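Asks: Please find structure06.txt (compact mmCIF, C-alpha atoms and all ligand atoms) on the next line:
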```
# COMPACT_ATOMS: atom_id res chain seq x y z
CA MET A 937 21.20 -82.08 -240.32
CA ARG A 938 24.89 -82.95 -240.26
CA ILE A 939 26.58 -82.85 -236.87
CA VAL A 940 30.27 -83.31 -236.25
CA PHE A 941 31.35 -84.20 -232.74
CA LEU A 942 34.89 -83.39 -231.60
CA ASN A 943 36.39 -85.49 -228.81
CA PRO A 944 39.82 -84.92 -227.23
CA SER A 945 40.68 -88.61 -226.82
CA GLY A 946 40.22 -92.04 -228.37
CA GLN A 947 39.68 -93.71 -225.00
CA ILE A 948 36.30 -94.31 -223.42
CA GLY A 949 35.93 -92.40 -220.15
CA GLY A 950 32.73 -90.93 -218.72
CA ALA A 951 32.48 -88.12 -221.26
CA GLU A 952 32.89 -90.61 -224.10
CA ARG A 953 30.28 -93.00 -222.69
CA SER A 954 27.96 -90.04 -222.57
CA LEU A 955 28.89 -89.20 -226.18
CA LEU A 956 28.23 -92.77 -227.35
CA ASP A 957 24.82 -92.69 -225.68
CA ILE A 958 24.05 -89.40 -227.40
CA LEU A 959 25.09 -90.84 -230.76
CA ALA A 960 22.92 -93.92 -230.22
CA SER A 961 19.99 -91.81 -229.06
CA LEU A 962 20.23 -89.45 -232.06
CA ARG A 963 20.57 -92.40 -234.44
CA ALA A 964 17.33 -93.85 -233.14
CA ALA A 965 15.41 -90.57 -233.06
CA GLU A 966 16.76 -88.95 -236.25
CA PRO A 967 17.89 -91.74 -238.56
CA ALA A 968 18.32 -89.34 -241.48
CA TRP A 969 20.89 -87.15 -239.72
CA ALA A 970 24.55 -87.56 -240.70
CA LEU A 971 26.76 -87.93 -237.64
CA GLY A 972 30.52 -87.53 -237.79
CA LEU A 973 33.17 -87.73 -235.09
CA VAL A 974 36.72 -86.43 -235.02
CA THR A 975 38.94 -87.83 -232.27
CA THR A 976 42.51 -86.90 -231.40
CA ALA A 977 43.72 -90.48 -231.18
CA ASN A 978 42.87 -93.97 -232.17
CA GLY A 979 41.36 -96.09 -229.42
CA PRO A 980 38.27 -98.03 -228.39
CA LEU A 981 36.05 -94.98 -228.99
CA VAL A 982 36.63 -95.24 -232.75
CA PRO A 983 35.08 -98.68 -233.41
CA ALA A 984 32.39 -98.04 -230.78
CA ALA A 985 31.21 -94.92 -232.66
CA GLU A 986 31.58 -96.62 -236.06
CA ALA A 987 29.34 -99.43 -234.86
CA LEU A 988 26.62 -96.78 -234.41
CA GLY A 989 26.93 -95.72 -238.04
CA VAL A 990 29.05 -92.65 -237.27
CA ARG A 991 31.78 -91.60 -239.68
CA VAL A 992 34.97 -91.32 -237.59
CA VAL A 993 38.14 -89.48 -238.51
CA VAL A 994 41.25 -89.49 -236.33
CA VAL A 995 43.34 -86.32 -236.37
CA PRO A 996 46.23 -87.20 -234.06
CA LEU A 997 47.03 -84.58 -231.45
CA PRO A 998 50.75 -83.86 -231.03
CA GLU A 999 52.17 -85.01 -227.68
CA ALA A 1000 52.95 -81.40 -226.64
CA VAL A 1001 49.28 -80.46 -226.94
CA ALA A 1002 47.92 -83.72 -225.55
CA ARG A 1003 49.74 -83.24 -222.26
CA LEU A 1004 48.53 -79.69 -221.65
CA GLY A 1005 45.89 -79.16 -219.01
CA ASP A 1006 45.39 -77.91 -215.51
CA GLY A 1007 43.19 -80.71 -214.22
CA GLY A 1008 46.10 -82.29 -212.35
CA ALA A 1009 46.58 -82.63 -208.62
CA ARG A 1010 49.41 -80.15 -208.55
CA ARG A 1011 47.64 -77.68 -210.80
CA ALA A 1012 50.94 -76.26 -211.92
CA ALA A 1013 50.52 -72.95 -213.72
CA SER A 1014 50.64 -74.21 -217.27
CA LEU A 1015 51.10 -70.89 -219.06
CA PRO A 1016 54.75 -71.49 -219.98
CA ARG A 1017 53.90 -74.98 -221.20
CA LEU A 1018 51.04 -73.47 -223.14
CA ALA A 1019 53.26 -70.88 -224.79
CA ALA A 1020 55.76 -73.55 -225.82
CA ALA A 1021 52.97 -75.48 -227.48
CA VAL A 1022 51.66 -72.59 -229.63
CA PRO A 1023 53.20 -73.70 -232.97
CA ALA A 1024 51.98 -77.26 -232.45
CA VAL A 1025 48.50 -75.95 -231.64
CA ALA A 1026 48.40 -73.77 -234.75
CA GLY A 1027 49.36 -76.69 -236.97
CA TYR A 1028 46.78 -78.85 -235.28
CA VAL A 1029 44.00 -76.31 -235.80
CA ARG A 1030 44.76 -76.30 -239.53
CA ARG A 1031 44.54 -80.09 -239.73
CA LEU A 1032 41.40 -80.16 -237.64
CA ARG A 1033 39.75 -77.50 -239.82
CA ARG A 1034 40.46 -79.56 -242.93
CA ALA A 1035 38.94 -82.67 -241.34
CA VAL A 1036 35.84 -80.83 -240.11
CA ARG A 1037 35.32 -79.07 -243.42
CA ALA A 1038 35.44 -82.40 -245.26
CA LEU A 1039 32.52 -83.58 -243.11
CA ALA A 1040 30.53 -80.41 -244.02
CA PRO A 1041 28.67 -80.00 -240.72
CA ASP A 1042 25.68 -77.78 -239.99
CA LEU A 1043 26.76 -77.85 -236.34
CA VAL A 1044 29.83 -78.81 -234.32
CA HIS A 1045 29.41 -80.39 -230.87
CA THR A 1046 32.57 -80.36 -228.74
CA ASN A 1047 33.06 -82.85 -225.92
CA GLY A 1048 35.90 -81.70 -223.65
CA PHE A 1049 37.80 -78.56 -222.65
CA LYS A 1050 40.52 -78.82 -225.27
CA MET A 1051 37.98 -79.36 -228.01
CA HIS A 1052 35.81 -76.44 -226.83
CA LEU A 1053 38.68 -74.14 -227.78
CA LEU A 1054 40.12 -76.05 -230.73
CA GLY A 1055 36.61 -76.48 -232.12
CA LEU A 1056 35.96 -72.73 -232.12
CA TRP A 1057 39.29 -72.07 -233.80
CA ALA A 1058 38.84 -74.80 -236.40
CA ARG A 1059 35.15 -74.56 -237.30
CA PRO A 1060 34.24 -73.61 -240.85
CA ARG A 1061 32.83 -70.07 -241.13
CA GLY A 1062 29.24 -69.65 -239.93
CA VAL A 1063 28.93 -73.08 -238.34
CA PRO A 1064 27.61 -72.95 -234.74
CA VAL A 1065 29.60 -74.70 -232.01
CA VAL A 1066 27.85 -76.27 -229.03
CA TRP A 1067 30.01 -77.01 -226.01
CA HIS A 1068 29.14 -80.07 -223.98
CA VAL A 1069 30.68 -79.42 -220.59
CA HIS A 1070 31.28 -82.51 -218.44
CA ASP A 1071 33.43 -81.03 -215.68
CA PHE A 1072 33.46 -78.07 -213.34
CA VAL A 1073 35.33 -75.21 -214.93
CA ALA A 1074 35.94 -73.05 -211.87
CA ARG A 1075 38.31 -75.78 -210.55
CA ARG A 1076 40.66 -75.05 -213.43
CA PRO A 1077 42.03 -71.51 -213.30
CA LEU A 1078 43.60 -71.42 -216.74
CA MET A 1079 40.68 -73.10 -218.47
CA SER A 1080 38.25 -70.74 -216.72
CA ARG A 1081 40.01 -67.76 -218.23
CA LEU A 1082 40.15 -69.31 -221.67
CA LEU A 1083 36.51 -70.40 -221.66
CA ARG A 1084 35.30 -67.03 -220.39
CA GLY A 1085 37.13 -65.38 -223.28
CA HIS A 1086 35.70 -67.76 -225.86
CA ALA A 1087 32.16 -68.29 -224.55
CA PRO A 1088 30.57 -65.43 -226.52
CA ARG A 1089 31.52 -67.22 -229.74
CA CYS A 1090 29.82 -70.46 -228.84
CA ALA A 1091 26.16 -71.00 -229.75
CA ALA A 1092 24.99 -72.91 -226.69
CA VAL A 1093 26.35 -74.87 -223.78
CA VAL A 1094 25.08 -78.27 -222.71
CA ALA A 1095 26.07 -79.19 -219.15
CA ASN A 1096 25.81 -82.70 -217.70
CA SER A 1097 24.08 -81.45 -214.52
CA ARG A 1098 22.40 -78.37 -213.07
CA SER A 1099 25.41 -77.99 -210.85
CA VAL A 1100 27.83 -77.82 -213.81
CA ALA A 1101 25.46 -75.47 -215.67
CA GLU A 1102 25.57 -73.11 -212.64
CA ASP A 1103 29.37 -73.30 -212.63
CA VAL A 1104 29.56 -72.44 -216.35
CA ARG A 1105 27.21 -69.48 -215.86
CA ARG A 1106 29.31 -68.25 -212.94
CA VAL A 1107 32.64 -68.60 -214.75
CA CYS A 1108 31.46 -67.03 -217.99
CA ALA A 1109 29.43 -64.34 -216.20
CA ARG A 1110 28.33 -61.68 -218.67
CA GLY A 1111 30.06 -63.46 -221.56
CA ALA A 1112 27.88 -66.56 -221.13
CA PRO A 1113 26.35 -67.79 -224.37
CA ALA A 1114 22.61 -67.43 -224.94
CA GLY A 1115 21.74 -70.81 -223.53
CA VAL A 1116 23.34 -73.00 -220.88
CA TRP A 1117 21.24 -76.15 -220.77
CA PRO A 1118 21.57 -78.86 -218.15
CA VAL A 1119 21.04 -82.27 -219.78
CA HIS A 1120 21.58 -85.20 -217.45
CA ASN A 1121 23.41 -88.14 -218.95
CA ALA A 1122 21.55 -91.37 -219.49
CA VAL A 1123 22.48 -95.02 -219.88
CA ASP A 1124 21.63 -97.94 -222.08
CA LEU A 1125 19.05 -99.69 -219.93
CA ALA A 1126 19.46 -102.84 -222.04
CA THR A 1127 23.20 -103.10 -221.23
CA PHE A 1128 23.05 -101.99 -217.61
CA THR A 1129 20.58 -104.57 -216.34
CA PRO A 1130 20.24 -106.36 -213.00
CA GLY A 1131 20.54 -109.76 -214.70
CA GLY A 1132 23.32 -110.93 -217.00
CA GLU A 1133 26.95 -111.95 -217.02
CA ARG A 1134 28.99 -111.39 -213.87
CA LEU A 1135 32.73 -110.96 -213.83
CA ASP A 1136 34.77 -113.29 -211.64
CA LEU A 1137 36.25 -110.46 -209.62
CA ASP A 1138 38.41 -112.68 -207.41
CA ALA A 1139 40.07 -114.32 -210.39
CA ARG A 1140 40.55 -110.90 -212.00
CA CYS A 1141 42.32 -109.68 -208.86
CA GLY A 1142 44.37 -112.84 -208.29
CA LEU A 1143 42.60 -113.49 -204.97
CA PRO A 1144 41.38 -116.87 -203.73
CA PRO A 1145 37.60 -117.26 -204.10
CA ALA A 1146 35.81 -115.45 -201.25
CA PRO A 1147 33.83 -117.72 -198.89
CA PRO A 1148 30.05 -117.91 -199.43
CA GLY A 1149 28.22 -115.10 -197.67
CA THR A 1150 30.90 -112.55 -198.49
CA VAL A 1151 29.50 -109.11 -199.32
CA ARG A 1152 31.38 -107.65 -202.27
CA VAL A 1153 31.84 -103.90 -202.15
CA GLY A 1154 33.56 -102.11 -205.00
CA LEU A 1155 34.68 -98.62 -205.90
CA VAL A 1156 34.13 -98.30 -209.64
CA ALA A 1157 36.06 -95.35 -211.06
CA THR A 1158 38.87 -94.15 -213.25
CA LEU A 1159 42.09 -93.49 -211.35
CA ALA A 1160 41.68 -89.70 -211.46
CA TRP A 1161 43.11 -88.24 -208.24
CA TRP A 1162 39.74 -86.99 -206.95
CA LYS A 1163 37.80 -90.25 -207.31
CA GLY A 1164 38.31 -91.06 -203.62
CA HIS A 1165 40.37 -94.25 -203.71
CA GLU A 1166 42.09 -93.37 -200.43
CA THR A 1167 38.77 -92.53 -198.79
CA PHE A 1168 37.42 -95.90 -199.91
CA LEU A 1169 40.47 -97.84 -198.72
CA ARG A 1170 40.45 -96.02 -195.37
CA ALA A 1171 36.73 -96.75 -194.99
CA VAL A 1172 37.37 -100.45 -195.59
CA SER A 1173 40.15 -100.40 -192.99
CA LEU A 1174 37.65 -98.97 -190.46
CA LEU A 1175 35.16 -101.85 -190.90
CA PRO A 1176 34.95 -104.36 -188.05
CA PRO A 1177 37.20 -107.28 -189.07
CA GLU A 1178 34.44 -109.82 -188.49
CA LEU A 1179 32.18 -108.19 -191.11
CA PRO A 1180 32.23 -110.53 -194.15
CA VAL A 1181 33.22 -107.84 -196.66
CA ARG A 1182 35.66 -108.08 -199.54
CA ALA A 1183 36.54 -104.81 -201.26
CA TYR A 1184 37.46 -104.22 -204.88
CA VAL A 1185 38.98 -101.30 -206.70
CA VAL A 1186 37.53 -101.55 -210.19
CA GLY A 1187 39.10 -99.41 -212.91
CA GLY A 1188 42.39 -98.40 -214.43
CA ALA A 1189 44.42 -95.48 -215.75
CA LEU A 1190 42.85 -93.59 -218.60
CA TYR A 1191 44.02 -90.03 -219.10
CA GLU A 1192 46.95 -88.59 -220.96
CA THR A 1193 47.21 -85.36 -218.98
CA ALA A 1194 50.25 -85.45 -216.68
CA ASP A 1195 49.72 -85.49 -212.89
CA SER A 1196 46.01 -86.15 -213.07
CA GLN A 1197 45.80 -89.73 -211.89
CA ARG A 1198 46.84 -92.33 -209.35
CA SER A 1199 48.57 -95.55 -210.29
CA THR A 1200 47.40 -98.98 -209.20
CA ASP A 1201 50.82 -99.53 -207.59
CA GLU A 1202 50.38 -96.45 -205.39
CA LEU A 1203 46.95 -97.69 -204.36
CA ARG A 1204 48.23 -101.20 -203.60
CA GLU A 1205 50.86 -99.58 -201.39
CA THR A 1206 48.16 -97.57 -199.57
CA ALA A 1207 46.14 -100.75 -199.06
CA ARG A 1208 49.21 -102.52 -197.66
CA ARG A 1209 49.91 -99.63 -195.27
CA LEU A 1210 46.31 -99.81 -194.05
CA GLY A 1211 46.68 -103.54 -193.39
CA LEU A 1212 44.20 -104.53 -196.09
CA ASP A 1213 46.21 -107.37 -197.63
CA GLY A 1214 43.79 -110.03 -198.87
CA ARG A 1215 40.75 -107.89 -198.06
CA VAL A 1216 40.94 -105.76 -201.18
CA GLY A 1217 41.50 -106.65 -204.82
CA PHE A 1218 42.46 -104.51 -207.82
CA THR A 1219 40.89 -105.44 -211.14
CA GLY A 1220 42.63 -102.87 -213.36
CA TYR A 1221 40.74 -101.52 -216.36
CA VAL A 1222 37.54 -103.46 -216.98
CA GLU A 1223 35.89 -103.36 -220.38
CA ASP A 1224 32.47 -104.66 -219.38
CA SER A 1225 31.62 -102.48 -216.41
CA ALA A 1226 28.05 -103.82 -216.22
CA ALA A 1227 29.42 -107.33 -215.63
CA ALA A 1228 31.74 -105.97 -212.94
CA MET A 1229 28.89 -104.12 -211.22
CA ARG A 1230 26.64 -107.18 -211.29
CA ALA A 1231 29.38 -109.11 -209.49
CA LEU A 1232 29.23 -106.55 -206.66
CA ASP A 1233 26.63 -106.33 -203.89
CA VAL A 1234 27.43 -102.69 -203.20
CA VAL A 1235 28.81 -100.18 -205.69
CA VAL A 1236 30.65 -97.25 -204.14
CA HIS A 1237 31.24 -93.81 -205.60
CA ALA A 1238 33.54 -91.79 -203.35
CA SER A 1239 34.71 -88.67 -205.18
CA THR A 1240 36.34 -86.25 -202.78
CA GLU A 1241 35.45 -83.24 -204.93
CA PRO A 1242 31.90 -82.44 -206.05
CA GLU A 1243 31.24 -84.88 -208.91
CA PRO A 1244 30.02 -83.14 -212.08
CA PHE A 1245 27.61 -85.99 -212.84
CA GLY A 1246 28.85 -89.47 -211.90
CA LEU A 1247 27.79 -91.91 -214.61
CA VAL A 1248 28.85 -94.85 -212.46
CA ILE A 1249 26.09 -94.00 -209.98
CA VAL A 1250 23.38 -94.22 -212.62
CA GLU A 1251 24.91 -97.30 -214.27
CA ALA A 1252 24.97 -99.11 -210.94
CA MET A 1253 21.39 -98.07 -210.18
CA ALA A 1254 20.36 -99.43 -213.59
CA CYS A 1255 22.13 -102.70 -212.68
CA GLY A 1256 19.92 -102.88 -209.60
CA ARG A 1257 22.86 -102.66 -207.18
CA ALA A 1258 22.84 -100.93 -203.81
CA VAL A 1259 24.80 -97.73 -204.37
CA ILE A 1260 26.66 -95.49 -201.93
CA ALA A 1261 27.54 -92.18 -203.50
CA SER A 1262 29.38 -89.05 -202.49
CA GLU A 1263 26.60 -86.51 -202.21
CA ALA A 1264 27.80 -83.28 -203.79
CA GLY A 1265 27.75 -81.49 -207.12
CA GLY A 1266 25.79 -83.10 -209.93
CA ALA A 1267 25.92 -86.49 -208.20
CA ALA A 1268 23.52 -85.17 -205.56
CA GLU A 1269 20.94 -84.59 -208.34
CA LEU A 1270 20.88 -88.27 -209.29
CA PHE A 1271 19.40 -90.03 -206.26
CA ARG A 1272 17.48 -89.55 -203.04
CA SER A 1273 19.53 -90.82 -200.15
CA GLY A 1274 17.76 -93.60 -198.31
CA VAL A 1275 15.35 -94.17 -201.19
CA ASP A 1276 17.24 -95.30 -204.30
CA ALA A 1277 20.84 -95.05 -203.01
CA LEU A 1278 22.71 -93.93 -199.89
CA GLY A 1279 24.68 -90.72 -199.71
CA HIS A 1280 27.82 -89.89 -197.75
CA ALA A 1281 29.84 -86.68 -197.43
CA PRO A 1282 32.78 -86.38 -199.87
CA GLY A 1283 36.05 -87.49 -198.28
CA ASP A 1284 34.40 -88.73 -195.07
CA ALA A 1285 35.95 -92.19 -194.64
CA ALA A 1286 34.22 -92.86 -191.30
CA GLY A 1287 30.84 -91.91 -192.77
CA LEU A 1288 31.46 -94.14 -195.77
CA ALA A 1289 32.48 -96.99 -193.46
CA ARG A 1290 29.18 -96.63 -191.59
CA ARG A 1291 27.22 -96.79 -194.86
CA ILE A 1292 29.14 -99.89 -196.01
CA GLY A 1293 28.56 -101.44 -192.57
CA GLU A 1294 24.80 -100.79 -192.76
CA LEU A 1295 24.53 -102.39 -196.17
CA ALA A 1296 26.85 -105.30 -195.42
CA ALA A 1297 24.66 -106.24 -192.46
CA ASP A 1298 21.29 -105.86 -194.20
CA GLY A 1299 20.55 -107.85 -197.37
CA GLY A 1300 16.97 -106.55 -197.31
CA LEU A 1301 18.12 -102.94 -197.48
CA ARG A 1302 20.47 -103.80 -200.36
CA ALA A 1303 17.64 -105.42 -202.29
CA ARG A 1304 15.29 -102.51 -201.65
CA LEU A 1305 17.77 -99.86 -202.74
CA GLY A 1306 18.68 -101.95 -205.79
CA ALA A 1307 15.07 -102.27 -206.93
CA GLU A 1308 14.36 -98.57 -206.33
CA GLY A 1309 17.60 -97.68 -208.13
CA ARG A 1310 16.55 -99.65 -211.21
CA ALA A 1311 13.10 -98.02 -211.14
CA SER A 1312 14.67 -94.53 -210.96
CA ALA A 1313 17.05 -95.34 -213.81
CA GLU A 1314 14.14 -96.46 -215.98
CA LYS A 1315 12.18 -93.33 -215.18
CA ARG A 1316 14.93 -90.70 -215.36
CA PHE A 1317 17.98 -92.07 -217.17
CA ASP A 1318 16.76 -93.86 -220.29
CA ARG A 1319 18.99 -92.68 -223.12
CA ALA A 1320 16.00 -92.08 -225.41
CA ARG A 1321 15.63 -88.84 -223.43
CA LEU A 1322 18.96 -87.51 -224.75
CA ALA A 1323 17.75 -86.92 -228.31
CA THR A 1324 14.50 -85.44 -227.02
CA GLU A 1325 16.46 -82.82 -225.09
CA LEU A 1326 19.32 -82.21 -227.52
CA VAL A 1327 17.51 -82.01 -230.87
CA PRO A 1328 15.71 -78.72 -230.00
CA ILE A 1329 19.00 -77.24 -228.73
CA TYR A 1330 20.76 -78.15 -232.00
CA ARG A 1331 17.90 -76.85 -234.13
CA ALA A 1332 17.76 -73.54 -232.24
CA ALA A 1333 21.54 -73.11 -232.58
CA VAL A 1334 21.44 -73.73 -236.32
CA ARG A 1335 18.49 -71.35 -236.72
CA ALA A 1336 20.19 -68.63 -234.73
CA TRP A 1337 23.39 -68.92 -236.77
CA SER A 1338 21.94 -69.15 -240.26
C1 LIG B 1401 33.10 -86.39 -216.68
C2 LIG B 1401 32.66 -86.05 -215.26
C3 LIG B 1401 31.74 -87.12 -214.70
C4 LIG B 1401 30.61 -87.43 -215.67
C5 LIG B 1401 31.15 -87.70 -217.06
C6 LIG B 1401 30.03 -87.82 -218.08
O1 LIG B 1401 33.91 -87.50 -216.70
O2 LIG B 1401 33.78 -85.89 -214.43
O3 LIG B 1401 31.20 -86.72 -213.48
O4 LIG B 1401 29.87 -88.53 -215.23
O5 LIG B 1401 31.98 -86.64 -217.49
O6 LIG B 1401 29.29 -86.61 -218.20
```
Using C-alpha cells, write down the structure that the file contains.
Ligand code: GLC
Replies:
Amino acid sequence: MRIVFLNPSGQIGGAERSLLDILASLRAAEPAWALGLVTTANGPLVPAAEALGVRVVVVPLPEAVARLGDGGARRAASLPRLAAAVPAVAGYVRRLRRAVRALAPDLVHTNGFKMHLLGLWARPRGVPVVWHVHDFVARRPLMSRLLRGHAPRCAAVVANSRSVAEDVRRVCARGAPAGVWPVHNAVDLATFTPGGERLDLDARCGLPPAPPGTVRVGLVATLAWWKGHETFLRAVSLLPPELPVRAYVVGGALYETADSQRSTDELRETARRLGLDGRVGFTGYVEDSAAAMRALDVVVHASTEPEPFGLVIVEAMACGRAVIASEAGGAAELFRSGVDALGHAPGDAAGLARRIGELAADGGLRARLGAEGRASAEKRFDRARLATELVPIYRAAVRAWS
C-alpha cells in the first residue's frame, strides 16, 4: 500500500502532531507500506516526518491561497477573496497533482480543510481520498458549503472525536460519504512521560525564580482566538492573592490564516490590565511541550468553544499532571471529571478559578489526578491504536474504489 498524506502547512500544530503519530504508528504496524507527505510549506513538520522514513515533498502554496479561510474571529465572508484567488488555486492544483502522481499513491489522506478540497481536485484518477477532519465544520459557513458539495466524492471521513464525526454527518447530511469514523488521537507514551527533563519556565519567561512551594499552573495552547487565554488570565486574577500560584501562558503564534489568532503582546496587555504583573509569565512557542508540562503542577485547557479533540489534555494526562479542561465537544470524551482530570464550563472564568484554587490547595488531589491521568492515557491513548483503527479504513476505501 502506498499512502500520500496532504497537509496544509509545514508547522507542527495539533493536526500535525496527530499526523506524525499516525505516521509513526503505521510505520510500526505496516513496515512495508510506502508513506509520502506533501506539505504546502517548509517547516519543522518536514524533518519530523522524514525522520519517520516518510518521503516528503514541499509544494509551496501561494500567499493568496494560504491566507484564505473562514476560521478567523471576524469570520468575514471570504467569497470575494476566494474568487480573487481562483487562478492561483488552479495553478496550485496542477502542481499538486504532479507531485501526488509522482508518489503513485493507492490512497490519499488529507489533513486539513484546504487539503480536503485541493486533494480531491488534484488526486490522480481512481485514487480514493480520505478526509481526516480535526475541526468542527459547522463553525465555518463557507467551508461547510464547500465540504457538503465535495463530500460525495470522498471515500471516507476520519474524525478526531465522536463529536466532530457528528458535526460532519450533520453538515454533509445526505451527501455524507459512506463512512464517517471517529478515531481519537493518541500520543507517544514514551515522550509524554511523568519523569524526564523539565523546562525552567521562570527563566523562559524572564521572571525571577518562584519561591519554593509555588504551584505552577499553565495554559498550554496555540494562540488561536478560541483557546481561552482571556478566560485563563481572568481566572488567575480571581484567585486569592495569598494562594502561592504562578501562572504561565505556554505557546506561541502558529497559523497563517489572517485574523485567527491572538498575539503575545495583546495577552501581556490583558494581563497588565488585570493586575497580573509578576504573577504570570509568557514562554512563547515551546518546542518540547512535554518538558514544559512536566515543569507545571497543573495544566489548564480553557477553550471557549467546544474543542474538537484537545491533544494537550491527553499529553498532559500522559505526563501525569493534574489537568483542568474545558468540558465540551470532543474534549469531554477524553476524561472523567473528578477521576482523571477536572472539568470546567467553557468560558467560565470563575469556575476555572475555583478548580485552580482546589488543586493549588491540595497536593494529594493533584497527585491522584496525575496518576489516574497517566493510567487513562496508557489504556486509551497509546498511539499503537491508531494503525489498528486506520488500516481497516484505508483497506476498505481502496477496495471500494478499485
Ligand atoms: C485540531 C483541533 C484540536 C485537536 C487537533 C488534533 O487542532 O482543533 O482540538 O486536538 O486538531 O486532532
Asks: List as a list in words the protein and nucleic acid residues near stretch 1296-1311 of chain A, meaning an atom at most 7 Å away when all atoms listed in the file are counted, but skip any in the same chain fewer than 5 places from it.
Replies: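 With the cut-off at 7 Å, the set is Val1151, Val1181, Met1253, Ala1254, Cys1255, Gly1256, Arg1257, Ala1258, Val1275, Asp1276 and Ala1277 of chain A.
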Asks: Which of these, A:Val1001, A:Leu1210, A:Val1123, A:Leu988, has the shortest distance to ligand LIG 1401 (chain B) once you count all atoms listed in the file?
Replies: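 Checking each of A:Val1001, A:Leu1210, A:Val1123, A:Leu988 against ligand LIG 1401 (chain B), counting all atoms listed in the file, the winner is A:Val1123.
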Asks: Ligand LIG 1401 (chain B): which residues are within 6 Å, counting all atoms listed in the file, as a PDB file with C-alpha atoms, keeping the file's coordinate frame?
Replies:
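Result saved to pocket-v5.pdb:
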```pdb
ATOM      1  CA  GLY A 950      32.730 -90.930-218.720  1.00  0.00           C
ATOM      2  CA  ALA A 951      32.480 -88.120-221.260  1.00  0.00           C
ATOM      3  CA  SER A 954      27.960 -90.040-222.570  1.00  0.00           C
ATOM      4  CA  HIS A1070      31.280 -82.510-218.440  1.00  0.00           C
ATOM      5  CA  ASP A1071      33.430 -81.030-215.680  1.00  0.00           C
ATOM      6  CA  ASN A1096      25.810 -82.700-217.700  1.00  0.00           C
ATOM      7  CA  GLU A1243      31.240 -84.880-208.910  1.00  0.00           C
ATOM      8  CA  PRO A1244      30.020 -83.140-212.080  1.00  0.00           C
ATOM      9  CA  PHE A1245      27.610 -85.990-212.840  1.00  0.00           C
ATOM     10  CA  GLY A1246      28.850 -89.470-211.900  1.00  0.00           C
ATOM     11  CA  LEU A1247      27.790 -91.910-214.610  1.00  0.00           C
TER      12      LEU A1247
END
```
Asks: In Å, how far is it from atom CA of A:Cys1108 to atom CA of A:His1068?
Replies: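 Separation of atom CA of A:Cys1108 and atom CA of A:His1068: 14.5 Å.
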Asks: Report, in Å to a single decimal, how far apart atom CA of A:Leu1004 and atom CA of A:Ala1019 are.
Replies: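 Straight-line distance from atom CA of A:Ala1019 to atom CA of A:Leu1004 works out to 10.5 Å.
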Asks: With only C-alpha atoms as the atoms that count, which of A:His1165, A:Glu1102, A:Ala1074, A:Arg1204 lies nearest to A:Pro1118?
Replies: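 Result for the nearest residue to A:Pro1118: A:Glu1102.
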Asks: Kindly indicate which residue among A:Arg1034, A:Arg1215, A:Arg1081, A:His1120 lies nearest to A:Arg1098, using all atoms listed in the file for the distances.
Replies: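 Closest candidate: A:His1120.
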Asks: List the spatial neighbours of A:Asn978 as a CSV table (one decimal) with C-alpha atoms, in the frame of the given file - criterion: any atom at most 8 Å away, all atoms listed in the file, same-chain residues fewer than 5 positions off excluded.
Replies:
```csv
chain,number,residue,atom,x,y,z
A,945,SER,CA,40.7,-88.6,-226.8
A,946,GLY,CA,40.2,-92.0,-228.4
A,947,GLN,CA,39.7,-93.7,-225.0
A,994,VAL,CA,41.2,-89.5,-236.3
A,996,PRO,CA,46.2,-87.2,-234.1
```
Asks: What does the structure give for the distance between atom CA of A:Trp969 and atom CA of A:Phe941, in Å to one decimal?
Replies: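 Pair atom CA of A:Trp969 / atom CA of A:Phe941 returns 12.9 Å.
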